[in-house]
Amino acid sequence: MSQTNVLVLVGSLRAASVNRQLAETAVAVAPEGAEVIVFDGLGEVPFYNEDIDVAGSIPAVEALRDAAGRADALLLLTPEYNGTIPAVLKNAIDWISRPYGTGAVKDKPVAVISASPSGNGAQWAHEDTRKAVRIAGGKVLEDVTLAIGGTIDKFGDRHPRENAEVAQQVAGVVASLVDATKELVDA
């Protein structure tokens with residue numbers, strides 16, 4: 001059995017963000033046979049502009065597309081900024097969706113985890129992220145959703161991986177991505 005590679009894109013650039021910590025949790029709870037890699041560098045990726053979308057011209061874009069191209073599945077972590085998806089995550093989806101119809105996200109299993117201090121768990125950003133990646137060509141796992149609200153009360157100053165319930169939920173999302181990649185191979 002070959003290893004499954006899951007690429008994680010985090011919609012918050014803040015080093016200590018809960019969404020970054022949830023990405024670290026995904027790495028820690030990955031099942032045997034899966035490698036979960038958090039992509040660092042979304043802050044260096046310029047806003048999508050077809051005029052500058054020339055192969056090899058922007059190292060940060062090439063790194064993002066290469067990482068997405070090597071991945072078997074994608075896990076997107078999103079906070080909610082002003083009721084929607086953060087620009088940095090939407091921009092990453094835009095870049096990996098190109099060229100349209102053959103981009104690095106095309107036909108890959110994708111799951112979304114959202115988290116926020118609010119009680120709604122960044123549901124609007126969660127849905128907008130799923131919509132954007134679906135339109136970009138990813139195969140969103142429709143029955144796999146995880147929205148974590150009340151993060152300040154839930155985690156305090158502790159890392160989310162220290163919360164057994166949350167760690168188990170994140171592990172379930174990663175396992176679902178791994179299973180989805182196997183289903184694609186078996187199909």
# chains A, B, ... in the order shown; residues from 1 in each chain; ligands from 1

$ residues_around --residues "range 31-48 of chain A" --least-positions-apart "6" --cutoff "9 Å" --atoms "only C-alpha atoms" --output "MDAnalysis selection string"
chainID A and resid 1:11 13 20 23:24 58:61 63:64 67 75 87:89 91:92 94:95 171 174:175 178

$ write_last_selection --atoms "N, CA, C and O atoms" --output "tab-separated table (two decimals), in the first residue's frame"
chain	number	residue	atom	x	y	z
A	1	MET	N	0.85	-1.17	0.00
A	1	MET	CA	0.00	0.00	0.00
A	1	MET	C	0.89	1.24	0.00
A	1	MET	O	1.84	1.35	0.77
A	2	SER	N	0.60	2.18	-0.85
A	2	SER	CA	1.42	3.39	-0.94
A	2	SER	C	0.97	4.42	0.08
A	2	SER	O	-0.14	4.38	0.59
A	3	GLN	N	1.85	5.36	0.33
A	3	GLN	CA	1.56	6.42	1.27
A	3	GLN	C	0.62	7.45	0.65
A	3	GLN	O	0.74	7.78	-0.52
A	4	THR	N	-0.29	7.99	1.46
A	4	THR	CA	-1.19	9.04	1.03
A	4	THR	C	-0.64	10.37	1.51
A	4	THR	O	-0.31	10.52	2.69
A	5	ASN	N	-0.51	11.33	0.59
A	5	ASN	CA	-0.01	12.66	0.93
A	5	ASN	C	-1.16	13.65	0.97
A	5	ASN	O	-1.88	13.81	-0.02
A	6	VAL	N	-1.31	14.29	2.12
A	6	VAL	CA	-2.36	15.28	2.33
A	6	VAL	C	-1.69	16.64	2.52
A	6	VAL	O	-0.87	16.80	3.42
A	7	LEU	N	-2.04	17.59	1.67
A	7	LEU	CA	-1.51	18.95	1.79
A	7	LEU	C	-2.50	19.80	2.57
A	7	LEU	O	-3.70	19.79	2.28
A	8	VAL	N	-1.99	20.53	3.56
A	8	VAL	CA	-2.83	21.39	4.38
A	8	VAL	C	-2.54	22.84	4.04
A	8	VAL	O	-1.38	23.28	4.05
A	9	LEU	N	-3.60	23.59	3.73
A	9	LEU	CA	-3.52	25.03	3.50
A	9	LEU	C	-4.27	25.72	4.62
A	9	LEU	O	-5.43	25.39	4.89
A	10	VAL	N	-3.61	26.69	5.27
A	10	VAL	CA	-4.19	27.38	6.42
A	10	VAL	C	-4.53	28.81	6.03
A	10	VAL	O	-3.67	29.55	5.54
A	11	GLY	N	-5.76	29.21	6.28
A	11	GLY	CA	-6.24	30.54	5.90
A	11	GLY	C	-5.85	31.66	6.84
A	11	GLY	O	-6.27	32.79	6.64
A	13	LEU	N	-2.50	33.59	8.50
A	13	LEU	CA	-1.04	33.71	8.43
A	13	LEU	C	-0.40	33.87	9.81
A	13	LEU	O	0.81	33.77	9.95
A	20	ARG	N	-3.90	27.36	12.54
A	20	ARG	CA	-2.55	26.82	12.35
A	20	ARG	C	-2.34	25.66	13.33
A	20	ARG	O	-1.79	24.62	12.98
A	23	ALA	N	-4.03	22.64	12.14
A	23	ALA	CA	-3.24	22.02	11.07
A	23	ALA	C	-2.14	21.17	11.69
A	23	ALA	O	-1.88	20.04	11.24
A	24	GLU	N	-1.48	21.68	12.72
A	24	GLU	CA	-0.45	20.92	13.43
A	24	GLU	C	-1.06	19.67	14.08
A	24	GLU	O	-0.42	18.61	14.11
A	58	ILE	N	7.10	32.90	-10.70
A	58	ILE	CA	6.92	33.27	-9.30
A	58	ILE	C	7.21	32.05	-8.44
A	58	ILE	O	6.40	31.12	-8.36
A	59	PRO	N	8.36	32.02	-7.78
A	59	PRO	CA	8.75	30.83	-7.01
A	59	PRO	C	7.70	30.39	-5.97
A	59	PRO	O	7.47	29.19	-5.81
A	60	ALA	N	7.06	31.33	-5.28
A	60	ALA	CA	6.06	30.95	-4.27
A	60	ALA	C	4.87	30.25	-4.91
A	60	ALA	O	4.32	29.30	-4.34
A	61	VAL	N	4.48	30.69	-6.09
A	61	VAL	CA	3.37	30.05	-6.80
A	61	VAL	C	3.78	28.66	-7.27
A	61	VAL	O	3.02	27.70	-7.15
A	63	ALA	N	5.98	26.73	-5.93
A	63	ALA	CA	6.04	25.85	-4.75
A	63	ALA	C	4.64	25.39	-4.34
A	63	ALA	O	4.44	24.21	-4.02
A	64	LEU	N	3.68	26.31	-4.36
A	64	LEU	CA	2.30	25.97	-4.01
A	64	LEU	C	1.73	24.97	-5.00
A	64	LEU	O	1.16	23.94	-4.61
A	67	ALA	N	3.41	21.53	-4.62
A	67	ALA	CA	2.94	20.83	-3.42
A	67	ALA	C	1.52	20.29	-3.63
A	67	ALA	O	1.23	19.14	-3.28
A	75	LEU	N	-6.47	19.40	2.67
A	75	LEU	CA	-7.22	19.77	3.87
A	75	LEU	C	-7.07	21.28	4.01
A	75	LEU	O	-5.95	21.79	4.08
A	87	ALA	N	-8.79	36.08	2.45
A	87	ALA	CA	-8.27	36.31	1.10
A	87	ALA	C	-7.10	35.39	0.78
A	87	ALA	O	-6.99	34.90	-0.35
A	88	VAL	N	-6.24	35.10	1.75
A	88	VAL	CA	-5.06	34.29	1.49
A	88	VAL	C	-5.45	32.87	1.08
A	88	VAL	O	-4.83	32.27	0.19
A	89	LEU	N	-6.51	32.33	1.67
A	89	LEU	CA	-6.95	30.98	1.32
A	89	LEU	C	-7.66	30.96	-0.02
A	89	LEU	O	-7.42	30.09	-0.85
A	91	ASN	N	-7.15	33.02	-2.43
A	91	ASN	CA	-6.09	33.24	-3.42
A	91	ASN	C	-5.36	31.93	-3.73
A	91	ASN	O	-5.07	31.63	-4.89
A	92	ALA	N	-5.07	31.14	-2.70
A	92	ALA	CA	-4.40	29.85	-2.91
A	92	ALA	C	-5.27	28.94	-3.78
A	92	ALA	O	-4.77	28.28	-4.70
A	94	ASP	N	-7.46	29.91	-5.95
A	94	ASP	CA	-7.42	30.46	-7.31
A	94	ASP	C	-6.17	30.01	-8.05
A	94	ASP	O	-6.24	29.59	-9.20
A	95	TRP	N	-5.01	30.09	-7.41
A	95	TRP	CA	-3.76	29.71	-8.07
A	95	TRP	C	-3.73	28.22	-8.40
A	95	TRP	O	-3.31	27.84	-9.49
A	171	ALA	N	-8.66	13.86	13.50
A	171	ALA	CA	-8.19	12.56	13.01
A	171	ALA	C	-9.22	11.92	12.10
A	171	ALA	O	-8.87	11.33	11.06
A	174	VAL	N	-9.02	13.63	8.65
A	174	VAL	CA	-7.84	13.17	7.90
A	174	VAL	C	-8.05	11.74	7.41
A	174	VAL	O	-7.75	11.42	6.26
A	175	ALA	N	-8.60	10.88	8.25
A	175	ALA	CA	-8.85	9.49	7.85
A	175	ALA	C	-9.85	9.44	6.69
A	175	ALA	O	-9.68	8.63	5.77
A	178	VAL	N	-7.96	10.22	3.54
A	178	VAL	CA	-7.15	9.06	3.13
A	178	VAL	C	-8.04	8.01	2.49
A	178	VAL	O	-7.71	7.47	1.42

$ residues_around --residues "Glu142 in chain A" --least-positions-apart "5" --cutoff "10 Å" --atoms "only C-alpha atoms" --output "ChimeraX atom specification"
/A:110-112,130

$ write_last_selection --atoms "N, CA, C and O atoms" --output "mmCIF file, in the first residue's frame"
data_model
loop_
_atom_site.group_PDB
_atom_site.id
_atom_site.type_symbol
_atom_site.label_atom_id
_atom_site.label_comp_id
_atom_site.auth_asym_id
_atom_site.auth_seq_id
_atom_site.Cartn_x
_atom_site.Cartn_y
_atom_site.Cartn_z
ATOM 1 N N VAL A 110 -11.066 16.827 -1.061
ATOM 2 C CA VAL A 110 -10.811 18.012 -0.251
ATOM 3 C C VAL A 110 -11.769 18.015 0.931
ATOM 4 O O VAL A 110 -12.962 17.729 0.775
ATOM 5 N N ALA A 111 -11.246 18.362 2.103
ATOM 6 C CA ALA A 111 -12.069 18.552 3.286
ATOM 7 C C ALA A 111 -11.726 19.916 3.882
ATOM 8 O O ALA A 111 -10.620 20.432 3.681
ATOM 9 N N VAL A 112 -12.689 20.471 4.604
ATOM 10 C CA VAL A 112 -12.523 21.790 5.206
ATOM 11 C C VAL A 112 -12.800 21.689 6.703
ATOM 12 O O VAL A 112 -13.772 21.057 7.121
ATOM 13 N N ARG A 130 -15.739 25.624 0.869
ATOM 14 C CA ARG A 130 -16.208 24.420 0.174
ATOM 15 C C ARG A 130 -16.726 24.781 -1.224
ATOM 16 O O ARG A 130 -16.427 24.085 -2.191
#

$ select_by_dssp --residues "chain A" --states "strand (DSSP E)" --output "compact mmCIF listing (two decimals) with all heavy atoms, in the first residue's frame"
# COMPACT_ATOMS: atom_id res chain seq x y z
N THR A 4 -0.29 7.99 1.46
CA THR A 4 -1.19 9.04 1.03
C THR A 4 -0.64 10.37 1.51
O THR A 4 -0.31 10.52 2.69
CB THR A 4 -2.60 8.82 1.62
OG1 THR A 4 -3.09 7.56 1.18
CG2 THR A 4 -3.55 9.92 1.16
N ASN A 5 -0.51 11.33 0.59
CA ASN A 5 -0.01 12.66 0.93
C ASN A 5 -1.16 13.65 0.97
O ASN A 5 -1.88 13.81 -0.02
CB ASN A 5 1.03 13.10 -0.11
CG ASN A 5 2.24 12.20 -0.10
OD1 ASN A 5 2.82 11.96 0.94
ND2 ASN A 5 2.59 11.67 -1.26
N VAL A 6 -1.31 14.29 2.12
CA VAL A 6 -2.36 15.28 2.33
C VAL A 6 -1.69 16.64 2.52
O VAL A 6 -0.87 16.80 3.42
CB VAL A 6 -3.24 14.95 3.55
CG1 VAL A 6 -4.30 16.02 3.77
CG2 VAL A 6 -3.88 13.57 3.40
N LEU A 7 -2.04 17.59 1.67
CA LEU A 7 -1.51 18.95 1.79
C LEU A 7 -2.50 19.80 2.57
O LEU A 7 -3.70 19.79 2.28
CB LEU A 7 -1.30 19.58 0.41
CG LEU A 7 -0.76 21.00 0.41
CD1 LEU A 7 0.66 21.06 0.98
CD2 LEU A 7 -0.81 21.59 -0.99
N VAL A 8 -1.99 20.53 3.56
CA VAL A 8 -2.83 21.39 4.38
C VAL A 8 -2.54 22.84 4.04
O VAL A 8 -1.38 23.28 4.05
CB VAL A 8 -2.57 21.16 5.89
CG1 VAL A 8 -3.51 22.03 6.73
CG2 VAL A 8 -2.73 19.69 6.25
N LEU A 9 -3.60 23.59 3.73
CA LEU A 9 -3.52 25.03 3.50
C LEU A 9 -4.27 25.72 4.62
O LEU A 9 -5.43 25.39 4.89
CB LEU A 9 -4.12 25.40 2.15
CG LEU A 9 -3.51 24.72 0.92
CD1 LEU A 9 -4.24 25.15 -0.34
CD2 LEU A 9 -2.02 25.01 0.81
N VAL A 10 -3.61 26.69 5.27
CA VAL A 10 -4.19 27.38 6.42
C VAL A 10 -4.53 28.81 6.03
O VAL A 10 -3.67 29.55 5.54
CB VAL A 10 -3.22 27.37 7.62
CG1 VAL A 10 -3.84 28.06 8.83
CG2 VAL A 10 -2.81 25.94 7.97
N ALA A 34 -0.14 7.77 6.09
CA ALA A 34 -0.49 9.10 5.58
C ALA A 34 0.56 10.10 6.03
O ALA A 34 1.00 10.07 7.18
CB ALA A 34 -1.86 9.53 6.08
N GLU A 35 0.94 10.96 5.12
CA GLU A 35 1.83 12.07 5.46
C GLU A 35 1.04 13.35 5.26
O GLU A 35 0.53 13.61 4.17
CB GLU A 35 3.07 12.08 4.58
CG GLU A 35 4.02 13.21 4.96
CD GLU A 35 5.30 13.23 4.14
OE1 GLU A 35 5.32 12.65 3.05
OE2 GLU A 35 6.25 13.85 4.61
N VAL A 36 0.92 14.11 6.32
CA VAL A 36 0.19 15.38 6.29
C VAL A 36 1.22 16.49 6.36
O VAL A 36 2.01 16.55 7.31
CB VAL A 36 -0.82 15.47 7.45
CG1 VAL A 36 -1.54 16.80 7.44
CG2 VAL A 36 -1.82 14.31 7.37
N ILE A 37 1.20 17.36 5.36
CA ILE A 37 2.19 18.43 5.25
C ILE A 37 1.48 19.78 5.23
O ILE A 37 0.60 20.01 4.40
CB ILE A 37 3.03 18.28 3.97
CG1 ILE A 37 3.77 16.94 3.98
CG2 ILE A 37 4.00 19.45 3.80
CD1 ILE A 37 4.35 16.56 2.64
N VAL A 38 1.87 20.65 6.15
CA VAL A 38 1.32 22.00 6.19
C VAL A 38 2.16 22.87 5.27
O VAL A 38 3.38 22.95 5.42
CB VAL A 38 1.32 22.57 7.62
CG1 VAL A 38 0.77 23.99 7.63
CG2 VAL A 38 0.54 21.67 8.56
N ALA A 73 -4.59 14.54 -1.63
CA ALA A 73 -5.80 15.17 -1.09
C ALA A 73 -5.40 16.49 -0.44
O ALA A 73 -4.22 16.71 -0.15
CB ALA A 73 -6.46 14.26 -0.06
N LEU A 74 -6.39 17.34 -0.22
CA LEU A 74 -6.14 18.63 0.43
C LEU A 74 -7.05 18.81 1.63
O LEU A 74 -8.23 18.44 1.59
CB LEU A 74 -6.38 19.78 -0.55
CG LEU A 74 -5.32 19.94 -1.63
CD1 LEU A 74 -5.82 19.29 -2.90
CD2 LEU A 74 -5.02 21.38 -1.87
N LEU A 75 -6.47 19.40 2.67
CA LEU A 75 -7.22 19.77 3.87
C LEU A 75 -7.07 21.28 4.01
O LEU A 75 -5.95 21.79 4.08
CB LEU A 75 -6.65 19.06 5.10
CG LEU A 75 -7.26 19.44 6.45
CD1 LEU A 75 -8.77 19.15 6.48
CD2 LEU A 75 -6.55 18.70 7.58
N LEU A 76 -8.19 21.98 4.04
CA LEU A 76 -8.18 23.44 4.14
C LEU A 76 -8.70 23.84 5.51
O LEU A 76 -9.75 23.38 5.94
CB LEU A 76 -9.05 24.05 3.04
CG LEU A 76 -8.75 23.58 1.62
CD1 LEU A 76 -9.67 24.27 0.62
CD2 LEU A 76 -7.30 23.80 1.26
N LEU A 77 -7.92 24.69 6.20
CA LEU A 77 -8.28 25.19 7.52
C LEU A 77 -8.60 26.66 7.39
O LEU A 77 -7.79 27.42 6.86
CB LEU A 77 -7.12 25.03 8.50
CG LEU A 77 -6.85 23.68 9.14
CD1 LEU A 77 -7.85 23.35 10.19
CD2 LEU A 77 -6.66 22.57 8.18
N THR A 78 -9.79 27.05 7.87
CA THR A 78 -10.17 28.45 7.68
C THR A 78 -10.77 29.09 8.92
O THR A 78 -11.66 28.52 9.55
CB THR A 78 -11.14 28.60 6.49
OG1 THR A 78 -11.38 29.99 6.26
CG2 THR A 78 -12.46 27.88 6.71
N PRO A 109 -9.65 14.77 -3.57
CA PRO A 109 -10.51 14.89 -2.39
C PRO A 109 -10.08 16.08 -1.54
O PRO A 109 -8.89 16.31 -1.34
CB PRO A 109 -10.26 13.58 -1.63
CG PRO A 109 -9.71 12.64 -2.65
CD PRO A 109 -8.95 13.50 -3.63
N VAL A 110 -11.07 16.83 -1.06
CA VAL A 110 -10.81 18.01 -0.25
C VAL A 110 -11.77 18.02 0.93
O VAL A 110 -12.96 17.73 0.77
CB VAL A 110 -11.02 19.31 -1.07
CG1 VAL A 110 -10.76 20.55 -0.21
CG2 VAL A 110 -10.16 19.33 -2.32
N ALA A 111 -11.25 18.36 2.10
CA ALA A 111 -12.07 18.55 3.29
C ALA A 111 -11.73 19.92 3.88
O ALA A 111 -10.62 20.43 3.68
CB ALA A 111 -11.83 17.45 4.31
N VAL A 112 -12.69 20.47 4.60
CA VAL A 112 -12.52 21.79 5.21
C VAL A 112 -12.80 21.69 6.70
O VAL A 112 -13.77 21.06 7.12
CB VAL A 112 -13.48 22.82 4.57
CG1 VAL A 112 -13.35 24.18 5.25
CG2 VAL A 112 -13.22 22.94 3.07
N ILE A 113 -11.93 22.32 7.48
CA ILE A 113 -12.14 22.50 8.90
C ILE A 113 -12.14 24.00 9.15
O ILE A 113 -11.25 24.71 8.67
CB ILE A 113 -11.04 21.83 9.75
CG1 ILE A 113 -11.04 20.32 9.54
CG2 ILE A 113 -11.22 22.18 11.23
CD1 ILE A 113 -9.88 19.60 10.24
N SER A 114 -13.13 24.47 9.89
CA SER A 114 -13.15 25.89 10.24
C SER A 114 -13.18 26.03 11.75
O SER A 114 -13.66 25.14 12.46
CB SER A 114 -14.37 26.59 9.62
OG SER A 114 -15.58 26.02 10.10
N ALA A 115 -12.66 27.14 12.22
CA ALA A 115 -12.63 27.40 13.66
C ALA A 115 -12.63 28.89 13.91
O ALA A 115 -12.03 29.66 13.16
CB ALA A 115 -11.39 26.76 14.29
N LYS A 139 -12.84 17.69 -5.35
CA LYS A 139 -13.95 16.82 -4.95
C LYS A 139 -14.15 16.96 -3.44
O LYS A 139 -13.55 16.22 -2.65
CB LYS A 139 -13.65 15.37 -5.32
CG LYS A 139 -13.62 15.14 -6.81
CD LYS A 139 -13.78 13.66 -7.10
CE LYS A 139 -13.90 13.42 -8.58
NZ LYS A 139 -15.15 13.85 -9.15
N VAL A 140 -14.99 17.91 -3.07
CA VAL A 140 -15.26 18.18 -1.66
C VAL A 140 -15.98 16.98 -1.06
O VAL A 140 -16.96 16.49 -1.63
CB VAL A 140 -16.10 19.46 -1.49
CG1 VAL A 140 -16.48 19.67 -0.04
CG2 VAL A 140 -15.33 20.67 -2.03
N LEU A 141 -15.47 16.51 0.07
CA LEU A 141 -16.14 15.41 0.77
C LEU A 141 -17.37 15.99 1.44
O LEU A 141 -17.29 16.62 2.49
CB LEU A 141 -15.20 14.78 1.79
CG LEU A 141 -13.88 14.24 1.26
CD1 LEU A 141 -13.09 13.56 2.37
CD2 LEU A 141 -14.09 13.29 0.09
N GLU A 142 -18.51 15.78 0.82
CA GLU A 142 -19.75 16.44 1.24
C GLU A 142 -20.19 16.03 2.64
O GLU A 142 -20.82 16.82 3.34
CB GLU A 142 -20.86 16.17 0.22
CG GLU A 142 -20.57 16.73 -1.16
CD GLU A 142 -20.39 18.24 -1.22
OE1 GLU A 142 -20.92 18.95 -0.34
OE2 GLU A 142 -19.72 18.72 -2.14
N ASP A 143 -19.90 14.81 3.05
CA ASP A 143 -20.35 14.34 4.36
C ASP A 143 -19.31 14.53 5.46
O ASP A 143 -19.48 14.05 6.57
CB ASP A 143 -20.77 12.88 4.26
CG ASP A 143 -19.65 11.96 3.79
OD1 ASP A 143 -18.69 12.46 3.17
OD2 ASP A 143 -19.74 10.75 4.04
N VAL A 144 -18.22 15.23 5.14
CA VAL A 144 -17.15 15.45 6.12
C VAL A 144 -17.07 16.94 6.40
O VAL A 144 -16.61 17.71 5.55
CB VAL A 144 -15.79 14.93 5.60
CG1 VAL A 144 -14.69 15.21 6.60
CG2 VAL A 144 -15.89 13.44 5.30
N THR A 145 -17.52 17.34 7.57
CA THR A 145 -17.44 18.74 7.96
C THR A 145 -17.04 18.83 9.43
O THR A 145 -17.43 17.99 10.24
CB THR A 145 -18.79 19.48 7.78
OG1 THR A 145 -19.77 18.88 8.62
CG2 THR A 145 -19.26 19.44 6.34
N LEU A 146 -16.24 19.84 9.71
CA LEU A 146 -15.87 20.09 11.10
C LEU A 146 -15.74 21.61 11.27
O LEU A 146 -14.88 22.23 10.66
CB LEU A 146 -14.54 19.40 11.46
CG LEU A 146 -14.02 19.61 12.88
CD1 LEU A 146 -15.07 19.22 13.92
CD2 LEU A 146 -12.73 18.83 13.09
N ALA A 147 -16.63 22.16 12.06
CA ALA A 147 -16.62 23.59 12.38
C ALA A 147 -16.53 23.69 13.90
O ALA A 147 -17.42 23.20 14.61
CB ALA A 147 -17.88 24.27 11.86
N ILE A 148 -15.48 24.32 14.37
CA ILE A 148 -15.22 24.40 15.81
C ILE A 148 -15.44 25.82 16.28
O ILE A 148 -14.72 26.73 15.88
CB ILE A 148 -13.78 23.95 16.12
CG1 ILE A 148 -13.54 22.54 15.59
CG2 ILE A 148 -13.51 24.04 17.62
CD1 ILE A 148 -12.09 22.13 15.56

$ residues_around --residues "Val166 in chain A" --least-positions-apart "4" --cutoff "12 Å" --atoms "only C-alpha atoms" --output "list in words"
Val18, Gln21, Leu22, Ala23, Thr25, Ala26, Val29, Ile113, Ala115, Leu146, Ala147, Ile148, Gly149, Thr151, Lys154, Phe155, His159, Pro160, Arg161, Glu162, Val170, Ala171, Gly172 and Val173 of chain A

$ select_by_dssp --residues "range 13-177 of chain A" --states "alpha helix (DSSP H)" --output "PyMOL selection string"
chain A and resi 18-28+59-70+87-96+123-135+151-155+164-177

$ atom_distance --atom1 "CA of Gly119 in chain A" --atom2 "CA of Ala136 in chain A"
28.9 Å

$ atom_distance --atom1 "CA of Ile152 in chain A" --atom2 "CA of Thr129 in chain A"
22.6 Å

$ closest_residue --among "A:Gly150, A:Val54, A:Val27, A:Gly156" --to "Ser118 in chain A" --atoms "only C-alpha atoms"
A:Gly150

$ closest_residue --among "A:Val185, A:Gly83, A:Ala68, A:Thr102" --to "Gln123 in chain A" --atoms "only C-alpha atoms"
A:Gly83

$ closest_residue --among "A:Asn49, A:Asp157, A:Ala28, A:Ile135" --to "Tyr100 in chain A" --atoms "only C-alpha atoms"
A:Ile135

$ closest_residue --among "A:Pro99, A:Pro79, A:Gly69, A:Pro86" --to "Ala55 in chain A" --atoms "only C-alpha atoms"
A:Pro99

$ decode --residues "range 27-34 of chain A" --atoms "all heavy atoms" --output "PDB file, in the first residue's frame"
ATOM      1  N   VAL A  27      -1.386  16.973  11.508  1.00  0.00           N
ATOM      2  CA  VAL A  27      -0.099  16.296  11.295  1.00  0.00           C
ATOM      3  C   VAL A  27       0.117  15.257  12.401  1.00  0.00           C
ATOM      4  O   VAL A  27       0.511  14.116  12.132  1.00  0.00           O
ATOM      5  CB  VAL A  27       1.066  17.315  11.269  1.00  0.00           C
ATOM      6  CG1 VAL A  27       2.410  16.609  11.268  1.00  0.00           C
ATOM      7  CG2 VAL A  27       0.939  18.253  10.069  1.00  0.00           C
ATOM      8  N   ALA A  28      -0.173  15.646  13.635  1.00  0.00           N
ATOM      9  CA  ALA A  28       0.089  14.774  14.785  1.00  0.00           C
ATOM     10  C   ALA A  28      -0.813  13.543  14.826  1.00  0.00           C
ATOM     11  O   ALA A  28      -0.403  12.498  15.333  1.00  0.00           O
ATOM     12  CB  ALA A  28      -0.055  15.572  16.085  1.00  0.00           C
ATOM     13  N   VAL A  29      -2.025  13.650  14.303  1.00  0.00           N
ATOM     14  CA  VAL A  29      -2.991  12.545  14.414  1.00  0.00           C
ATOM     15  C   VAL A  29      -3.172  11.778  13.106  1.00  0.00           C
ATOM     16  O   VAL A  29      -4.072  10.943  13.000  1.00  0.00           O
ATOM     17  CB  VAL A  29      -4.370  13.047  14.930  1.00  0.00           C
ATOM     18  CG1 VAL A  29      -4.233  13.674  16.308  1.00  0.00           C
ATOM     19  CG2 VAL A  29      -5.015  14.016  13.936  1.00  0.00           C
ATOM     20  N   ALA A  30      -2.320  12.041  12.137  1.00  0.00           N
ATOM     21  CA  ALA A  30      -2.441  11.361  10.844  1.00  0.00           C
ATOM     22  C   ALA A  30      -2.325   9.849  11.029  1.00  0.00           C
ATOM     23  O   ALA A  30      -1.482   9.380  11.791  1.00  0.00           O
ATOM     24  CB  ALA A  30      -1.363  11.852   9.884  1.00  0.00           C
ATOM     25  N   PRO A  31      -3.165   9.103  10.325  1.00  0.00           N
ATOM     26  CA  PRO A  31      -3.088   7.644  10.447  1.00  0.00           C
ATOM     27  C   PRO A  31      -1.812   7.104   9.797  1.00  0.00           C
ATOM     28  O   PRO A  31      -1.197   7.776   8.958  1.00  0.00           O
ATOM     29  CB  PRO A  31      -4.328   7.160   9.699  1.00  0.00           C
ATOM     30  CG  PRO A  31      -4.653   8.238   8.735  1.00  0.00           C
ATOM     31  CD  PRO A  31      -4.209   9.523   9.387  1.00  0.00           C
ATOM     32  N   GLU A  32      -1.447   5.909  10.175  1.00  0.00           N
ATOM     33  CA  GLU A  32      -0.294   5.260   9.566  1.00  0.00           C
ATOM     34  C   GLU A  32      -0.522   5.175   8.058  1.00  0.00           C
ATOM     35  O   GLU A  32      -1.624   4.902   7.592  1.00  0.00           O
ATOM     36  CB  GLU A  32      -0.119   3.863  10.148  1.00  0.00           C
ATOM     37  CG  GLU A  32       1.142   3.185   9.693  1.00  0.00           C
ATOM     38  CD  GLU A  32       1.366   1.853  10.378  1.00  0.00           C
ATOM     39  OE1 GLU A  32       0.969   1.710  11.555  1.00  0.00           O
ATOM     40  OE2 GLU A  32       1.933   0.969   9.729  1.00  0.00           O
ATOM     41  N   GLY A  33       0.529   5.459   7.311  1.00  0.00           N
ATOM     42  CA  GLY A  33       0.423   5.419   5.855  1.00  0.00           C
ATOM     43  C   GLY A  33       0.015   6.748   5.238  1.00  0.00           C
ATOM     44  O   GLY A  33      -0.155   6.840   4.032  1.00  0.00           O
ATOM     45  N   ALA A  34      -0.138   7.765   6.086  1.00  0.00           N
ATOM     46  CA  ALA A  34      -0.488   9.095   5.579  1.00  0.00           C
ATOM     47  C   ALA A  34       0.558  10.099   6.034  1.00  0.00           C
ATOM     48  O   ALA A  34       1.005  10.074   7.181  1.00  0.00           O
ATOM     49  CB  ALA A  34      -1.863   9.528   6.076  1.00  0.00           C
TER      50      ALA A  34
END
